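Trainee: Shown below is the structure under consideration.
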Amino acid sequence: MGRADRLMAVGLDGKAHFISWGPFQISLANLLVIALIVVLFVLAIVLPFPKQRSRP
Amino acid sequence: MTTRADSPAERRSWTSRVRERAEVALPPDKLLPDRQPEYVASWIYVFGVATIAALIFIVASGVVLTLEGPQWYHVSAVGHFVNSVHLWSVELFFVFMVVHLWGKFWMAAWRGRRVMTWITGVVSFLASIGAAFTGYLVQTNFDSQWISSEAKDGLNSVGIGAWFNVVNVGQMLLWHVVLLPLVVGAIVVWHVLLVRRHGVVPPLDAREETSP
């Protein structure tokens with residue numbers, strides 16, 4: 001593995017991080033992806049879309 | 001030489017019937033429009049085409065992986081890169097598709113004779129889950145061994161494990177590179193044609209077909 005590969009590699013050999021709440025359990029990675037999707041959804045609704053330049 | 005079916009006998013041919021029905025259902029200005037209603041100028045309407053863009057990356061990188069094989073994508077630097085493009089385009093595909101699904105659900109996108117558009121979207125989502133799942137099974141590494149052995153118990157418990165055998169790498173590989181891409185591709189094409197035919201669904205408080 002080259003230096004660049006080592007710098008960019010994500011360590012997958014360690015113990016996975018889980019978040020538990022009563023009977024519910026979810027991996028931190030899955031929770032972050034779900035949070036990202038929720039944020040994207042909210043931004044897609046509230047952010048204004050760029051106006052189209054008027055055609056000649 | 002005639003190019004159109006003129007006589008009754010010619011009009012009965014299946015090619016002329018299919019052509020006439022296609023021309024009625026999807027005239028060229030509907031199939032390839034250059035204007036959209038004003039309400040389409042919103043970020044929430046971008047995620048359908050973003051999903052298709054991710055799908056194009058998935059198919060293109062998958063074709064390269066298929067041509068070169070596991071010995072290449074497990075070892076070489078370019079192989080690692082193409083393998084990662086395949087993985088991350090799948091991740092983006094599902095992120096975009098879920099935002100697209102939520103957006104369409106909350107604007108009740110099945111309105112206005114668009115039920116089949118909604119259903120083809122749901123079916124393509126389910127088929128995509130199958131395609132992604134078989135992709136994880138054919139990585140040819142310890143991760144795929146772990147996922148297949150865990151999934152085997154689940155699928156055996158619902159009675160389909162003998163037929164859909166997730167520890168059979170050959171079967172899963174063929175499902176992943178032939179069967180499921182054909183299913184997903186065909187349903188997505190159908191879905192897009194239905195969107196073209198019935199138009200993009202307006203927001204709940206907008207009038208249909210508002211011109212810009």
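Scheme for the structure tokens: letters A, B, ... for chains in order shown; per-chain residue numbers from 1; ligand numbers from 1 in order shown.
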Counting only C-alpha atoms, give me one row per residue of chain A with an atom at most 10 Å from an atom of chain B, showing the shortest contact pair and its distance in Å to one decimal, sorted by chain then residue number, as a tab-separated table.

Mentor:
```
residue	atom	partner	partner_atom	distance
A:Met1	CA	B:Ala77	CA	9.1
A:Gly2	CA	B:Ala77	CA	9.3
A:Asp5	CA	B:Ala77	CA	8.9
A:Val33	CA	B:Val95	CA	8.1
A:Ile34	CA	B:Val95	CA	8.6
A:Leu36	CA	B:Val95	CA	8.4
A:Ile37	CA	B:Val95	CA	6.1
A:Val38	CA	B:Val99	CA	7.9
A:Val39	CA	B:Val99	CA	9.8
A:Leu40	CA	B:Val99	CA	7.3
A:Phe41	CA	B:Val99	CA	5.6
A:Val42	CA	B:Ile44	CA	9.2
A:Leu43	CA	B:Trp43	CA	8.2
A:Ala44	CA	B:Trp43	CA	4.7
A:Ile45	CA	B:Ile44	CA	6.0
A:Val46	CA	B:Trp43	CA	8.7
A:Leu47	CA	B:Trp43	CA	7.3
A:Pro48	CA	B:Ser42	CA	7.0
A:Phe49	CA	B:Ser42	CA	5.2
A:Pro50	CA	B:Ala41	CA	8.0
A:Lys51	CA	B:Ala41	CA	8.0
A:Gln52	CA	B:Ala41	CA	8.7
```

Trainee: Dump N, CA, C and O atoms for the selected residues as a PDB file, in the first residue's frame?

Mentor:
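As written to disk, result_29.pdb reads:
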```
ATOM      1  N   MET A   1       0.844  -1.196   0.000  1.00  0.00           N
ATOM      2  CA  MET A   1       0.000   0.000   0.000  1.00  0.00           C
ATOM      3  C   MET A   1       0.880   1.248   0.000  1.00  0.00           C
ATOM      4  O   MET A   1       1.784   1.373   0.826  1.00  0.00           O
ATOM      5  N   GLY A   2       0.610   2.144  -0.933  1.00  0.00           N
ATOM      6  CA  GLY A   2       1.413   3.355  -1.044  1.00  0.00           C
ATOM      7  C   GLY A   2       1.055   4.366   0.042  1.00  0.00           C
ATOM      8  O   GLY A   2       0.115   4.168   0.809  1.00  0.00           O
ATOM      9  N   ASP A   5      -2.369   5.821  -0.391  1.00  0.00           N
ATOM     10  CA  ASP A   5      -3.404   4.849  -0.022  1.00  0.00           C
ATOM     11  C   ASP A   5      -3.565   4.778   1.487  1.00  0.00           C
ATOM     12  O   ASP A   5      -4.674   4.711   2.011  1.00  0.00           O
ATOM     13  N   VAL A  33     -25.448   8.396   7.828  1.00  0.00           N
ATOM     14  CA  VAL A  33     -25.993   8.413   6.467  1.00  0.00           C
ATOM     15  C   VAL A  33     -27.453   8.858   6.492  1.00  0.00           C
ATOM     16  O   VAL A  33     -27.890   9.682   5.671  1.00  0.00           O
ATOM     17  N   ILE A  34     -28.224   8.350   7.473  1.00  0.00           N
ATOM     18  CA  ILE A  34     -29.639   8.746   7.580  1.00  0.00           C
ATOM     19  C   ILE A  34     -29.740  10.237   7.885  1.00  0.00           C
ATOM     20  O   ILE A  34     -30.564  10.959   7.298  1.00  0.00           O
ATOM     21  N   LEU A  36     -27.570  12.509   7.073  1.00  0.00           N
ATOM     22  CA  LEU A  36     -27.195  13.220   5.843  1.00  0.00           C
ATOM     23  C   LEU A  36     -28.379  13.319   4.887  1.00  0.00           C
ATOM     24  O   LEU A  36     -28.630  14.374   4.284  1.00  0.00           O
ATOM     25  N   ILE A  37     -29.136  12.223   4.770  1.00  0.00           N
ATOM     26  CA  ILE A  37     -30.287  12.216   3.854  1.00  0.00           C
ATOM     27  C   ILE A  37     -31.359  13.203   4.355  1.00  0.00           C
ATOM     28  O   ILE A  37     -31.946  13.947   3.565  1.00  0.00           O
ATOM     29  N   VAL A  38     -31.584  13.221   5.675  1.00  0.00           N
ATOM     30  CA  VAL A  38     -32.582  14.147   6.229  1.00  0.00           C
ATOM     31  C   VAL A  38     -32.157  15.597   5.968  1.00  0.00           C
ATOM     32  O   VAL A  38     -32.966  16.430   5.538  1.00  0.00           O
ATOM     33  N   VAL A  39     -30.864  15.886   6.202  1.00  0.00           N
ATOM     34  CA  VAL A  39     -30.356  17.247   5.973  1.00  0.00           C
ATOM     35  C   VAL A  39     -30.517  17.627   4.500  1.00  0.00           C
ATOM     36  O   VAL A  39     -30.966  18.731   4.160  1.00  0.00           O
ATOM     37  N   LEU A  40     -30.151  16.702   3.591  1.00  0.00           N
ATOM     38  CA  LEU A  40     -30.288  16.960   2.150  1.00  0.00           C
ATOM     39  C   LEU A  40     -31.740  17.248   1.786  1.00  0.00           C
ATOM     40  O   LEU A  40     -32.035  18.154   1.003  1.00  0.00           O
ATOM     41  N   PHE A  41     -32.653  16.467   2.357  1.00  0.00           N
ATOM     42  CA  PHE A  41     -34.084  16.630   2.067  1.00  0.00           C
ATOM     43  C   PHE A  41     -34.569  18.015   2.507  1.00  0.00           C
ATOM     44  O   PHE A  41     -35.252  18.713   1.745  1.00  0.00           O
ATOM     45  N   VAL A  42     -34.170  18.408   3.718  1.00  0.00           N
ATOM     46  CA  VAL A  42     -34.599  19.717   4.229  1.00  0.00           C
ATOM     47  C   VAL A  42     -34.004  20.837   3.371  1.00  0.00           C
ATOM     48  O   VAL A  42     -34.707  21.785   2.977  1.00  0.00           O
ATOM     49  N   LEU A  43     -32.700  20.722   3.044  1.00  0.00           N
ATOM     50  CA  LEU A  43     -32.057  21.751   2.217  1.00  0.00           C
ATOM     51  C   LEU A  43     -32.721  21.843   0.840  1.00  0.00           C
ATOM     52  O   LEU A  43     -32.897  22.938   0.294  1.00  0.00           O
ATOM     53  N   ALA A  44     -33.089  20.682   0.272  1.00  0.00           N
ATOM     54  CA  ALA A  44     -33.715  20.678  -1.059  1.00  0.00           C
ATOM     55  C   ALA A  44     -35.043  21.420  -1.049  1.00  0.00           C
ATOM     56  O   ALA A  44     -35.462  21.969  -2.064  1.00  0.00           O
ATOM     57  N   ILE A  45     -35.699  21.454   0.107  1.00  0.00           N
ATOM     58  CA  ILE A  45     -37.001  22.141   0.194  1.00  0.00           C
ATOM     59  C   ILE A  45     -36.813  23.630   0.471  1.00  0.00           C
ATOM     60  O   ILE A  45     -37.488  24.472  -0.124  1.00  0.00           O
ATOM     61  N   VAL A  46     -35.863  23.964   1.362  1.00  0.00           N
ATOM     62  CA  VAL A  46     -35.779  25.370   1.807  1.00  0.00           C
ATOM     63  C   VAL A  46     -34.852  26.225   0.951  1.00  0.00           C
ATOM     64  O   VAL A  46     -35.053  27.439   0.863  1.00  0.00           O
ATOM     65  N   LEU A  47     -33.836  25.624   0.318  1.00  0.00           N
ATOM     66  CA  LEU A  47     -32.898  26.450  -0.453  1.00  0.00           C
ATOM     67  C   LEU A  47     -33.546  26.927  -1.746  1.00  0.00           C
ATOM     68  O   LEU A  47     -34.200  26.147  -2.434  1.00  0.00           O
ATOM     69  N   PRO A  48     -33.364  28.203  -2.091  1.00  0.00           N
ATOM     70  CA  PRO A  48     -33.939  28.694  -3.352  1.00  0.00           C
ATOM     71  C   PRO A  48     -33.169  28.130  -4.540  1.00  0.00           C
ATOM     72  O   PRO A  48     -31.952  27.955  -4.476  1.00  0.00           O
ATOM     73  N   PHE A  49     -33.897  27.843  -5.608  1.00  0.00           N
ATOM     74  CA  PHE A  49     -33.280  27.316  -6.830  1.00  0.00           C
ATOM     75  C   PHE A  49     -32.755  28.495  -7.653  1.00  0.00           C
ATOM     76  O   PHE A  49     -33.424  29.535  -7.708  1.00  0.00           O
ATOM     77  N   PRO A  50     -31.562  28.384  -8.256  1.00  0.00           N
ATOM     78  CA  PRO A  50     -31.037  29.507  -9.050  1.00  0.00           C
ATOM     79  C   PRO A  50     -32.008  29.896 -10.151  1.00  0.00           C
ATOM     80  O   PRO A  50     -32.564  29.036 -10.832  1.00  0.00           O
ATOM     81  N   LYS A  51     -32.194  31.195 -10.314  1.00  0.00           N
ATOM     82  CA  LYS A  51     -33.107  31.685 -11.361  1.00  0.00           C
ATOM     83  C   LYS A  51     -32.469  31.500 -12.728  1.00  0.00           C
ATOM     84  O   LYS A  51     -31.262  31.701 -12.879  1.00  0.00           O
ATOM     85  N   GLN A  52     -33.311  31.126 -13.695  1.00  0.00           N
ATOM     86  CA  GLN A  52     -32.822  30.990 -15.064  1.00  0.00           C
ATOM     87  C   GLN A  52     -32.656  32.367 -15.685  1.00  0.00           C
ATOM     88  O   GLN A  52     -33.491  33.250 -15.483  1.00  0.00           O
TER      89      GLN A  52
END
```

Trainee: Between CA of Thr134 (chain B) and CA of Ile26 (chain A), measure the distance and give it in Å to one decimal.

Mentor: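 Computing the Euclidean distance for CA of Thr134 (chain B) and CA of Ile26 (chain A) yields 22.3 Å.
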
Trainee: Can you tell me which residues surround region 48-63 of chain B at a distance of at most 7 Å, considering only C-alpha atoms, apart from same-chain residues fewer than 5 positions away, and format the answer as a PyMOL selection string?

Mentor: chain B and resi 82+85-86+89-90+92-93+96-97+100

Trainee: Residues at most 10 Å from Ala162 (chain B), counting only C-alpha atoms, excluding those fewer than 6 positions away in the same chain, as a PyMOL selection string?

Mentor: chain B and resi 152+155-156

Trainee: To one decimal in Å, tell me the separation between CA of Pro181 (chain B) and CA of Ala132 (chain B).

Mentor: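 The value is 10.1 Å.
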
Trainee: Can you check which residues of chain B DSSP gives as alpha helix (DSSP H) on the backbone and send them as JSON, numbers by chain?

Mentor: {"B": [8, 9, 10, 11, 14, 15, 16, 17, 18, 19, 20, 21, 22, 23, 24, 25, 28, 29, 30, 31, 47, 48, 49, 50, 51, 52, 53, 54, 55, 56, 57, 58, 59, 60, 61, 62, 63, 64, 65, 66, 67, 68, 70, 71, 72, 73, 74, 75, 77, 78, 79, 80, 81, 82, 83, 84, 85, 86, 87, 88, 89, 90, 91, 92, 93, 94, 95, 96, 97, 98, 99, 100, 101, 102, 103, 104, 105, 106, 115, 116, 117, 118, 119, 120, 121, 122, 123, 124, 125, 126, 127, 128, 129, 130, 131, 132, 133, 134, 135, 136, 137, 142, 143, 144, 145, 146, 147, 148, 149, 150, 151, 152, 153, 154, 155, 156, 157, 169, 170, 171, 172, 173, 174, 180, 181, 182, 183, 184, 185, 186, 187, 188, 189, 190, 191, 192, 193, 194, 195, 196, 197, 198]}

Trainee: Report as a list of chain:residue names all protein, DNA and RNA residues lying within 10 Å of Phe125 (chain B), evaluated on only C-alpha atoms, omitting residues in the same chain fewer than 4 positions from it.

Mentor: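 So the residues in contact are B:Phe94, B:Met97, B:Val98, B:Leu101, B:Ile119, B:Thr120, B:Gly121, B:Ile129, B:Gly130, B:Ala131, B:Val184, B:Ile187, B:Val188.
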
Trainee: Work out how far apart CA of Gly185 (chain B) and CA of Lys30 (chain B) are and give it in Å to one decimal.

Mentor: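 Rounded to one decimal, the two atoms are 21.1 Å apart.
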